[in-house]
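Please read the structure below before turning to the comments.
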Amino acid sequence: MPFDKSKLPSRHVSVGPSKAPHRSYYYAMGLNEEDIAKPFVGVVSAGNDSAPCNTTLNLQADIAREGVEEAGGMPRRFNTITVTDGIAMGHQGMKSSLVSREVIADSIELSVRGHCYDALVGFAGCDKSLPGMMMAMLRLNVPSVFVYGGSILPGRFHGKDVTVVDVFEAVGQHAAGTCPLTELIALEKVACPGHGACGGQFTANTMACVAEAIGLSLPNSNMAPAPYETREDIARAAGRAVMYALEKGIRPRDICTREAFENAARVVAATGGSTNAALHLPAMAHEAGIDFTLFDVAEIFRTTPYIADLKPGGRYVAKDMYEAGGIYMAMKTMLEGGFINGDCLTITGKTLAENIADIRWNPDQDVIRPISNPITPTGGVVGLKGSLAPDGAIVKVAGMAKLVFEGPARVFDCEEDCFAAVEQRAYREGEVLVIRYEGPKGGPGMREMLSTTAALYGQGMGDKVALITDGRFSGATRGFCIGHVGPEAADGGPIALIENGDLIRIDATEGTIDLLVEQAVLAERRKSWTPRTNDYQSGALYRYSQTVGPASRGAVTHPGAKAERHVFADI
């Protein structure tokens, strides 16, 4: 159908005599008058050669252009960055990871604003590009469809499915003398057999599930692995879908309501998803002017059954989830059990319940349990609060047998020092390893600690020690690992006052985390505490450290939708 551009943003670059210079640029790119009269749809890709998570995204984005054109739009491709955690992990490069989420959101916002695009289709693959892209969609509020590029297929090693996490853990085994170097090298060559993001229910797949649960992605689209030919059909359908949303006036903030965020958090818990969702969901909600903090997320996690048997806590990977029926299969049983609000609007123009009505339960699979027979009665991720973390913390309990831990602290002021201690076995069973000054502000950048946690697990100590940090853990982390501790050490939170030998008690059943030291003693320590200065006093990391807020509210860097005076989509 023909679109009236008189109220669309692209009129500012394509309609009227004064826009002749602008149109000349479009003629230069091969467009004609009819093309210029169509709505302009931004098609953004996080494609690059940095890692296999991103290598198919540009191809998929180009196929989406065909769908946009079929439905009467004019696609305009552009790219954004990624920082791939698997490669940034375990060194200073990881400080760039969370910062990249804001840069991705900002870069998409600026490109759409600058070129006055009317709608947006986004393709992302690695961890921070998913929430960053969805944050931009909510910020701009133009009709938008999010597409995940798909997961990698599992590798095979000694007759078993493996992922990159097995390689990280093998590093710990090698350090412990239980994995010969030849085995480690053989494993690293087969763990990642091709294109796609990490295969377990790590951060990328968790946020891909969020995108479907919250309604910004087409139903049952995101779990299809990257190498599958169905990804081409999904990309083309996304192009058509965004034009339907533009025609019907369906915008991201119409879809992403408070109830939709609650649905998304429930799906994270039900699938044993990444603790990073407790950082990204509040940040996305912030872009829509919705208060949705770590504590809101944690309460939902506490009351949601864990039903999907996915790595790292379980047995299966994203490919298995897709073949079992996808995230909508999990949501079908959750809806029947009253754990999902089916009235939420989705990008299809239908409600979630209407979309799910077409799904048939697959009894011939054991990846997803019925809600009446969960793996555990409460979610795979638990929020914690107590004297050590007054502003909250988060722990992933999926697959864990032991949910209470008490022990003496062994304190480190950066991840490298802790990792060195782990490599040298300079710690004891029963201890609580504390890594501080790694928060959003103090790091800066809130690094993930997968190298350290995987090394512990590789040494057979994953369930014999606990690890606490004001930084983050990877979605691939397993074991008794508590992240997002707030207030962070850089802000003088209790974590900054811990000394070696202090007793710490964690109870993931009750949701508590306490430093068992008298308040009078802590008051004396505080008198001698002084803020630390990190090494990053210029550039992007410095700028981030000056503006970033607490992890409990998503580690965001601007006031959000509540402070905006206009919405881009209405210019």
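Following the order of the structure tokens, chains are lettered A, B, ..., residues in each are numbered from 1, and ligands are numbered from 1.
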Quick one: residues within 12 Å of A:Ala490, only C-alpha atoms, excluding same-chain residues fewer than 3 positions away - as a compact mmCIF listing (two decimals) with N, CA, C and O atoms, in the first residue's frame?
```txt
# COMPACT_ATOMS: atom_id res chain seq x y z
N ASP A 413 41.52 -6.89 44.68
CA ASP A 413 41.06 -5.59 44.18
C ASP A 413 40.97 -5.52 42.67
O ASP A 413 40.72 -4.45 42.11
N ARG A 436 36.69 -6.98 43.90
CA ARG A 436 36.03 -5.67 43.98
C ARG A 436 36.75 -4.64 43.11
O ARG A 436 37.76 -4.93 42.49
N TYR A 437 36.17 -3.45 43.08
CA TYR A 437 36.60 -2.37 42.18
C TYR A 437 36.50 -2.78 40.72
O TYR A 437 37.28 -2.37 39.87
N GLU A 438 35.50 -3.63 40.44
CA GLU A 438 35.21 -4.05 39.06
C GLU A 438 33.79 -3.66 38.65
O GLU A 438 33.26 -4.18 37.68
N GLY A 439 33.16 -2.76 39.39
CA GLY A 439 31.79 -2.34 39.09
C GLY A 439 31.72 -1.43 37.87
O GLY A 439 32.74 -1.13 37.24
N PRO A 440 30.52 -0.96 37.54
CA PRO A 440 30.37 -0.09 36.36
C PRO A 440 31.27 1.14 36.42
O PRO A 440 31.92 1.48 35.42
N LYS A 441 31.31 1.77 37.58
CA LYS A 441 32.13 2.98 37.73
C LYS A 441 33.58 2.65 38.06
O LYS A 441 34.52 3.23 37.52
N GLY A 442 33.77 1.70 38.95
CA GLY A 442 35.11 1.43 39.47
C GLY A 442 36.01 0.68 38.52
O GLY A 442 37.23 0.82 38.59
N GLY A 443 35.44 -0.13 37.63
CA GLY A 443 36.26 -0.93 36.72
C GLY A 443 37.20 -0.11 35.85
O GLY A 443 38.39 -0.34 35.83
N PRO A 444 36.67 0.88 35.09
CA PRO A 444 35.25 1.01 34.80
C PRO A 444 34.81 -0.08 33.82
O PRO A 444 35.64 -0.71 33.17
N GLY A 445 33.51 -0.30 33.73
CA GLY A 445 32.99 -1.19 32.71
C GLY A 445 32.41 -2.50 33.19
O GLY A 445 31.90 -3.27 32.41
N MET A 446 32.52 -2.82 34.51
CA MET A 446 31.83 -3.99 35.07
C MET A 446 32.17 -5.26 34.30
O MET A 446 31.33 -5.90 33.68
N ASP A 470 31.55 -6.97 42.56
CA ASP A 470 30.70 -5.86 42.11
C ASP A 470 30.75 -5.75 40.58
O ASP A 470 30.11 -4.88 40.00
N GLY A 471 31.50 -6.66 39.96
CA GLY A 471 31.46 -6.80 38.51
C GLY A 471 30.35 -7.76 38.11
O GLY A 471 29.38 -7.95 38.84
N VAL A 485 27.07 -6.81 42.93
CA VAL A 485 26.97 -6.37 44.32
C VAL A 485 26.96 -4.85 44.37
O VAL A 485 27.83 -4.18 43.81
N GLY A 486 25.94 -4.29 45.03
CA GLY A 486 25.82 -2.84 45.11
C GLY A 486 25.45 -2.38 46.51
O GLY A 486 24.78 -3.11 47.24
N PRO A 487 25.89 -1.19 46.90
CA PRO A 487 26.73 -0.28 46.12
C PRO A 487 28.11 -0.88 45.85
O PRO A 487 28.63 -1.65 46.65
N GLY A 493 30.68 1.10 48.92
CA GLY A 493 29.76 0.08 49.41
C GLY A 493 30.45 -0.85 50.39
O GLY A 493 31.68 -0.87 50.50
N PRO A 494 29.68 -1.64 51.14
CA PRO A 494 30.27 -2.56 52.13
C PRO A 494 31.34 -3.48 51.55
O PRO A 494 32.27 -3.87 52.26
N ILE A 495 31.23 -3.81 50.25
CA ILE A 495 32.23 -4.68 49.64
C ILE A 495 33.63 -4.06 49.71
O ILE A 495 34.64 -4.77 49.74
N ALA A 496 33.69 -2.73 49.76
CA ALA A 496 34.99 -2.04 49.84
C ALA A 496 35.63 -2.20 51.21
O ALA A 496 36.84 -1.97 51.36
N LEU A 497 34.86 -2.57 52.21
CA LEU A 497 35.35 -2.63 53.60
C LEU A 497 35.72 -4.03 54.05
O LEU A 497 36.22 -4.22 55.17
N TRP A 529 38.93 4.49 54.79
CA TRP A 529 38.74 4.16 53.37
C TRP A 529 38.82 5.42 52.52
O TRP A 529 38.26 6.47 52.87
N THR A 530 39.50 5.32 51.39
CA THR A 530 39.54 6.44 50.43
C THR A 530 39.19 5.90 49.04
O THR A 530 39.55 4.77 48.69
N PRO A 531 38.50 6.69 48.22
CA PRO A 531 38.16 6.24 46.86
C PRO A 531 39.40 5.94 46.04
O PRO A 531 40.46 6.57 46.22
N ARG A 532 39.29 4.98 45.15
CA ARG A 532 40.40 4.59 44.28
C ARG A 532 40.33 5.37 42.97
O ARG A 532 39.26 5.71 42.48
N THR A 533 41.49 5.60 42.38
CA THR A 533 41.56 6.18 41.04
C THR A 533 41.98 5.08 40.08
O THR A 533 43.01 4.43 40.30
N ASN A 534 41.18 4.84 39.04
CA ASN A 534 41.57 3.78 38.09
C ASN A 534 42.48 4.36 37.01
O ASN A 534 42.75 5.56 36.96
N SER A 545 32.62 6.16 32.96
CA SER A 545 32.71 6.13 34.43
C SER A 545 32.12 7.39 35.06
O SER A 545 31.67 7.35 36.21
N GLN A 546 32.12 8.50 34.32
CA GLN A 546 31.59 9.76 34.86
C GLN A 546 30.07 9.83 34.82
O GLN A 546 29.46 10.62 35.53
N GLY A 549 25.32 4.89 36.10
CA GLY A 549 24.60 4.73 37.35
C GLY A 549 24.77 3.33 37.91
O GLY A 549 25.53 2.51 37.38
N PRO A 550 24.06 3.01 38.99
CA PRO A 550 24.24 1.73 39.68
C PRO A 550 23.74 0.54 38.86
O PRO A 550 22.80 0.66 38.06
```
Neighbouring residues of stretch 297-314 of chain A were defined as those with any atom within 7 Å, considering only C-alpha atoms; residues of the same chain fewer than 3 positions away were excluded. Please report them as a CSV table (one decimal) with N, CA and C atoms, in the first residue's frame.
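Written output follows (around.csv):
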```
chain,number,residue,atom,x,y,z
A,200,GLY,N,24.9,-22.2,24.6
A,200,GLY,CA,24.1,-22.5,25.8
A,200,GLY,C,23.2,-21.3,26.1
A,201,GLN,N,22.5,-21.4,27.3
A,201,GLN,CA,21.6,-20.3,27.7
A,201,GLN,C,22.5,-19.3,28.4
A,265,ALA,N,11.2,-11.3,32.1
A,265,ALA,CA,12.0,-11.7,33.3
A,265,ALA,C,11.6,-13.2,33.7
A,266,ARG,N,10.3,-13.5,33.6
A,266,ARG,CA,9.9,-14.9,33.9
A,266,ARG,C,10.5,-15.9,32.9
A,269,ALA,N,14.1,-16.6,34.0
A,269,ALA,CA,14.1,-17.5,35.1
A,269,ALA,C,13.8,-18.9,34.7
A,270,ALA,N,12.7,-19.1,33.9
A,270,ALA,CA,12.3,-20.4,33.5
A,270,ALA,C,13.3,-21.1,32.7
A,271,THR,N,14.1,-20.4,32.0
A,271,THR,CA,15.1,-21.1,31.1
A,271,THR,C,16.5,-21.1,31.8
A,272,GLY,N,16.6,-20.7,33.0
A,272,GLY,CA,17.9,-20.7,33.7
A,272,GLY,C,18.9,-19.7,33.0
A,278,ALA,N,19.4,-9.3,34.4
A,278,ALA,CA,19.0,-8.4,35.5
A,278,ALA,C,19.7,-7.1,35.4
A,293,THR,N,13.6,-2.4,38.3
A,293,THR,CA,15.0,-2.5,38.9
A,293,THR,C,15.4,-4.0,39.1
A,294,LEU,N,16.6,-4.1,39.6
A,294,LEU,CA,17.1,-5.5,40.0
A,294,LEU,C,16.1,-6.2,41.0
A,317,VAL,N,21.6,-27.3,24.5
A,317,VAL,CA,22.0,-26.0,23.9
A,317,VAL,C,20.8,-25.4,23.0
A,367,VAL,N,13.8,-31.3,26.6
A,367,VAL,CA,14.5,-30.0,26.9
A,367,VAL,C,13.7,-29.1,27.8
A,368,ILE,N,12.3,-29.0,27.5
A,368,ILE,CA,11.4,-28.1,28.2
A,368,ILE,C,10.4,-29.0,29.0
A,369,ARG,N,10.4,-28.8,30.3
A,369,ARG,CA,9.5,-29.5,31.1
A,369,ARG,C,8.1,-28.8,31.1
A,370,PRO,N,7.0,-29.5,31.4
A,370,PRO,CA,5.7,-28.8,31.7
A,370,PRO,C,5.8,-28.0,32.9
A,371,ILE,N,5.1,-26.9,33.0
A,371,ILE,CA,5.2,-26.1,34.2
A,371,ILE,C,4.7,-26.8,35.4
A,374,PRO,N,8.4,-28.9,37.0
A,374,PRO,CA,9.6,-28.2,36.8
A,374,PRO,C,10.8,-28.9,37.3
A,375,ILE,N,12.0,-28.4,36.8
A,375,ILE,CA,13.3,-28.9,37.3
A,375,ILE,C,13.4,-28.5,38.7
A,376,THR,N,13.1,-27.3,39.0
A,376,THR,CA,13.1,-26.8,40.4
A,376,THR,C,11.9,-25.8,40.5
A,377,PRO,N,11.3,-25.7,41.7
A,377,PRO,CA,10.1,-24.8,41.8
A,377,PRO,C,10.3,-23.4,41.7
A,378,THR,N,11.6,-22.9,41.8
A,378,THR,CA,11.8,-21.5,41.7
A,378,THR,C,12.9,-21.3,40.6
A,379,GLY,N,13.0,-20.0,40.2
A,379,GLY,CA,13.8,-19.7,39.0
A,379,GLY,C,15.2,-20.0,39.1
A,380,GLY,N,15.8,-20.1,37.9
A,380,GLY,CA,17.2,-20.4,37.8
A,380,GLY,C,18.2,-19.3,38.2
A,381,VAL,N,17.6,-18.1,38.5
A,381,VAL,CA,18.4,-17.0,38.9
A,381,VAL,C,17.7,-16.4,40.1
A,382,VAL,N,18.5,-16.0,41.1
A,382,VAL,CA,18.0,-15.5,42.4
A,382,VAL,C,18.6,-14.1,42.7
A,383,GLY,N,17.8,-13.2,43.2
A,383,GLY,CA,18.3,-11.9,43.7
A,383,GLY,C,18.6,-12.1,45.2
A,398,ALA,N,20.7,-22.2,38.7
A,398,ALA,CA,20.3,-23.3,37.9
A,398,ALA,C,21.4,-24.4,37.9
A,399,GLY,N,21.0,-25.6,38.2
A,399,GLY,CA,21.9,-26.7,38.2
A,399,GLY,C,22.7,-26.8,39.5
A,476,ALA,N,27.6,-17.7,30.9
A,476,ALA,CA,28.1,-19.1,30.9
A,476,ALA,C,28.7,-19.6,32.2
A,478,ARG,N,29.0,-20.9,35.9
A,478,ARG,CA,28.2,-21.8,36.8
A,478,ARG,C,29.0,-21.9,38.1
```
Discussion item. Among stretch 241-419 of chain A, which ones does DSSP assign to alpha helix (DSSP H) (computed from the backbone)? Answer as JSON, numbers by chain.
Written reply: {"A": [241, 242, 243, 244, 245, 246, 247, 248, 252, 253, 254, 255, 258, 259, 260, 261, 262, 263, 264, 265, 266, 267, 268, 269, 270, 277, 278, 279, 280, 281, 282, 283, 284, 285, 286, 287, 294, 295, 296, 297, 298, 299, 300, 301, 302, 318, 319, 320, 321, 322, 323, 324, 327, 328, 329, 330, 331, 332, 333, 334, 335, 336, 352, 353, 354, 355, 356, 415, 416, 417, 418, 419]}
Which residues of stretch 71-180 of chain A have any atom within 6 Å of an atom in stretch 448-454 of chain A when counting only C-alpha atoms, and what is the closest pair of atoms for each, with the distance in Å to one decimal? Order the rows by chain and rising number and write it as a tab-separated table.
```
residue	atom	partner	partner_atom	distance
A:Gly90	CA	A:Ser451	CA	5.3
A:Phe168	CA	A:Ala454	CA	5.6
A:Glu169	CA	A:Ala454	CA	4.5
```
Worksheet item: Which one is closest to A:His91: A:Cys414, A:Leu31, A:Ala455, A:Ile356? Count only C-alpha atoms.
Response: A:Cys414
Worksheet item: What separation in Å, quoted to one decimal, exists between atom CA of A:Met243 and atom CA of A:Val68?
Response: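 It comes out at 6.5 Å.
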Worksheet entry | Atom-to-atom span, atom CA of A:Met89 and atom CA of A:His280, Å |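 Between these atoms lies a distance of 18.9 Å.
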Fill in: Closest of A:Arg258, A:His12, A:Arg425, A:Lys95 to A:Tyr542 - atom-to-atom distances counting only C-alpha atoms
A:Lys95
Could I get the residues of stretch 334-377 of chain A with an atom no further than 12 Å from an atom of stretch 143-165 of chain A, each paired with its nearest atom pair and that distance in Å to one decimal, using only C-alpha atoms, sorted by chain and residue number, as CSV?
```
residue,atom,partner,partner_atom,distance
A:Thr346,CA,A:Val145,CA,10.1
A:Ile347,CA,A:Val145,CA,7.0
A:Thr348,CA,A:Val145,CA,9.7
A:Gly349,CA,A:Pro143,CA,11.5
```
How close does stretch 157-222 of chain A get to stretch 121-140 of chain A? List, as JSON lines, each residue of stretch 157-222 of chain A within 9 Å, its nearest atom pair and the distance in Å to one decimal, counting only C-alpha atoms.
```
{"residue": "A:Gly196", "atom": "CA", "partner": "A:Gly125", "partner_atom": "CA", "distance": 7.2}
{"residue": "A:Ala197", "atom": "CA", "partner": "A:Gly125", "partner_atom": "CA", "distance": 5.9}
{"residue": "A:Cys198", "atom": "CA", "partner": "A:Cys126", "partner_atom": "CA", "distance": 8.2}
{"residue": "A:Phe202", "atom": "CA", "partner": "A:Asp127", "partner_atom": "CA", "distance": 8.5}
{"residue": "A:Thr203", "atom": "CA", "partner": "A:Asp127", "partner_atom": "CA", "distance": 5.5}
{"residue": "A:Ala204", "atom": "CA", "partner": "A:Asp127", "partner_atom": "CA", "distance": 4.4}
{"residue": "A:Asn205", "atom": "CA", "partner": "A:Asp127", "partner_atom": "CA", "distance": 8.2}
{"residue": "A:Thr206", "atom": "CA", "partner": "A:Asp127", "partner_atom": "CA", "distance": 8.9}
{"residue": "A:Met207", "atom": "CA", "partner": "A:Leu130", "partner_atom": "CA", "distance": 6.4}
{"residue": "A:Ala208", "atom": "CA", "partner": "A:Leu130", "partner_atom": "CA", "distance": 7.2}
{"residue": "A:Ala211", "atom": "CA", "partner": "A:Met134", "partner_atom": "CA", "distance": 8.1}
{"residue": "A:Leu216", "atom": "CA", "partner": "A:Met134", "partner_atom": "CA", "distance": 8.2}
```
Those residues you just picked out, can you put them in a file as a PDB file, in the first residue's frame with all heavy atoms?
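Final file, part_13.pdb:
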```pdb
ATOM      1  N   GLY A 196      27.745 -18.254  14.424  1.00  0.00           N
ATOM      2  CA  GLY A 196      26.702 -18.152  15.437  1.00  0.00           C
ATOM      3  C   GLY A 196      27.247 -17.797  16.806  1.00  0.00           C
ATOM      4  O   GLY A 196      28.446 -17.886  17.072  1.00  0.00           O
ATOM      5  N   ALA A 197      26.333 -17.376  17.680  1.00  0.00           N
ATOM      6  CA  ALA A 197      26.685 -16.980  19.041  1.00  0.00           C
ATOM      7  C   ALA A 197      26.743 -18.208  19.947  1.00  0.00           C
ATOM      8  O   ALA A 197      26.228 -19.277  19.607  1.00  0.00           O
ATOM      9  CB  ALA A 197      25.668 -15.974  19.573  1.00  0.00           C
ATOM     10  N   CYS A 198      27.347 -18.047  21.121  1.00  0.00           N
ATOM     11  CA  CYS A 198      27.551 -19.160  22.052  1.00  0.00           C
ATOM     12  C   CYS A 198      26.253 -19.934  22.285  1.00  0.00           C
ATOM     13  O   CYS A 198      25.196 -19.351  22.500  1.00  0.00           O
ATOM     14  CB  CYS A 198      28.085 -18.634  23.372  1.00  0.00           C
ATOM     15  SG  CYS A 198      29.705 -17.855  23.232  1.00  0.00           S
ATOM     16  N   PHE A 202      23.444 -18.743  27.619  1.00  0.00           N
ATOM     17  CA  PHE A 202      24.326 -17.694  28.093  1.00  0.00           C
ATOM     18  C   PHE A 202      23.650 -16.360  27.767  1.00  0.00           C
ATOM     19  O   PHE A 202      22.466 -16.326  27.440  1.00  0.00           O
ATOM     20  CB  PHE A 202      25.709 -17.843  27.456  1.00  0.00           C
ATOM     21  CG  PHE A 202      26.264 -19.256  27.476  1.00  0.00           C
ATOM     22  CD1 PHE A 202      27.072 -19.719  26.461  1.00  0.00           C
ATOM     23  CD2 PHE A 202      25.949 -20.128  28.511  1.00  0.00           C
ATOM     24  CE1 PHE A 202      27.573 -21.012  26.471  1.00  0.00           C
ATOM     25  CE2 PHE A 202      26.451 -21.431  28.542  1.00  0.00           C
ATOM     26  CZ  PHE A 202      27.265 -21.872  27.505  1.00  0.00           C
ATOM     27  N   THR A 203      24.373 -15.254  27.812  1.00  0.00           N
ATOM     28  CA  THR A 203      23.710 -13.953  27.693  1.00  0.00           C
ATOM     29  C   THR A 203      23.050 -13.736  26.333  1.00  0.00           C
ATOM     30  O   THR A 203      21.934 -13.234  26.245  1.00  0.00           O
ATOM     31  CB  THR A 203      24.708 -12.816  27.984  1.00  0.00           C
ATOM     32  OG1 THR A 203      25.250 -13.002  29.287  1.00  0.00           O
ATOM     33  CG2 THR A 203      24.012 -11.470  27.934  1.00  0.00           C
ATOM     34  N   ALA A 204      23.716 -14.112  25.246  1.00  0.00           N
ATOM     35  CA  ALA A 204      23.142 -13.853  23.925  1.00  0.00           C
ATOM     36  C   ALA A 204      21.826 -14.603  23.748  1.00  0.00           C
ATOM     37  O   ALA A 204      20.806 -14.013  23.360  1.00  0.00           O
ATOM     38  CB  ALA A 204      24.138 -14.236  22.833  1.00  0.00           C
ATOM     39  N   ASN A 205      21.815 -15.902  24.029  1.00  0.00           N
ATOM     40  CA  ASN A 205      20.573 -16.657  23.874  1.00  0.00           C
ATOM     41  C   ASN A 205      19.521 -16.227  24.889  1.00  0.00           C
ATOM     42  O   ASN A 205      18.322 -16.249  24.590  1.00  0.00           O
ATOM     43  CB  ASN A 205      20.847 -18.158  23.983  1.00  0.00           C
ATOM     44  CG  ASN A 205      21.433 -18.718  22.697  1.00  0.00           C
ATOM     45  OD1 ASN A 205      21.068 -18.307  21.605  1.00  0.00           O
ATOM     46  ND2 ASN A 205      22.366 -19.640  22.832  1.00  0.00           N
ATOM     47  N   THR A 206      19.949 -15.848  26.081  1.00  0.00           N
ATOM     48  CA  THR A 206      18.990 -15.337  27.066  1.00  0.00           C
ATOM     49  C   THR A 206      18.288 -14.101  26.541  1.00  0.00           C
ATOM     50  O   THR A 206      17.052 -13.994  26.597  1.00  0.00           O
ATOM     51  CB  THR A 206      19.707 -14.996  28.390  1.00  0.00           C
ATOM     52  OG1 THR A 206      20.269 -16.188  28.949  1.00  0.00           O
ATOM     53  CG2 THR A 206      18.750 -14.382  29.398  1.00  0.00           C
ATOM     54  N   MET A 207      19.039 -13.154  26.006  1.00  0.00           N
ATOM     55  CA  MET A 207      18.429 -11.916  25.511  1.00  0.00           C
ATOM     56  C   MET A 207      17.658 -12.151  24.212  1.00  0.00           C
ATOM     57  O   MET A 207      16.716 -11.417  23.905  1.00  0.00           O
ATOM     58  CB  MET A 207      19.493 -10.833  25.332  1.00  0.00           C
ATOM     59  CG  MET A 207      20.163 -10.396  26.639  1.00  0.00           C
ATOM     60  SD  MET A 207      18.999  -9.947  27.959  1.00  0.00           S
ATOM     61  CE  MET A 207      18.175  -8.527  27.247  1.00  0.00           C
ATOM     62  N   ALA A 208      18.028 -13.182  23.461  1.00  0.00           N
ATOM     63  CA  ALA A 208      17.233 -13.558  22.293  1.00  0.00           C
ATOM     64  C   ALA A 208      15.861 -14.064  22.730  1.00  0.00           C
ATOM     65  O   ALA A 208      14.838 -13.760  22.102  1.00  0.00           O
ATOM     66  CB  ALA A 208      17.968 -14.620  21.479  1.00  0.00           C
ATOM     67  N   ALA A 211      13.786 -11.083  23.725  1.00  0.00           N
ATOM     68  CA  ALA A 211      13.232 -10.354  22.580  1.00  0.00           C
ATOM     69  C   ALA A 211      11.929 -10.976  22.101  1.00  0.00           C
ATOM     70  O   ALA A 211      10.990 -10.274  21.723  1.00  0.00           O
ATOM     71  CB  ALA A 211      14.248 -10.305  21.444  1.00  0.00           C
ATOM     72  N   LEU A 216       9.233  -8.042  20.689  1.00  0.00           N
ATOM     73  CA  LEU A 216       9.922  -7.280  19.642  1.00  0.00           C
ATOM     74  C   LEU A 216      10.420  -8.155  18.496  1.00  0.00           C
ATOM     75  O   LEU A 216      10.823  -7.638  17.454  1.00  0.00           O
ATOM     76  CB  LEU A 216      11.100  -6.501  20.237  1.00  0.00           C
ATOM     77  CG  LEU A 216      10.754  -5.262  21.060  1.00  0.00           C
ATOM     78  CD1 LEU A 216      12.013  -4.660  21.671  1.00  0.00           C
ATOM     79  CD2 LEU A 216      10.022  -4.215  20.219  1.00  0.00           C
TER      80      LEU A 216
END
```
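Between A:Arg77 and the residues A:Arg543, A:Gly239, A:Ser14, A:Cys179, the shortest atom-to-atom distance, using only C-alpha atoms, involves A:Gly239.
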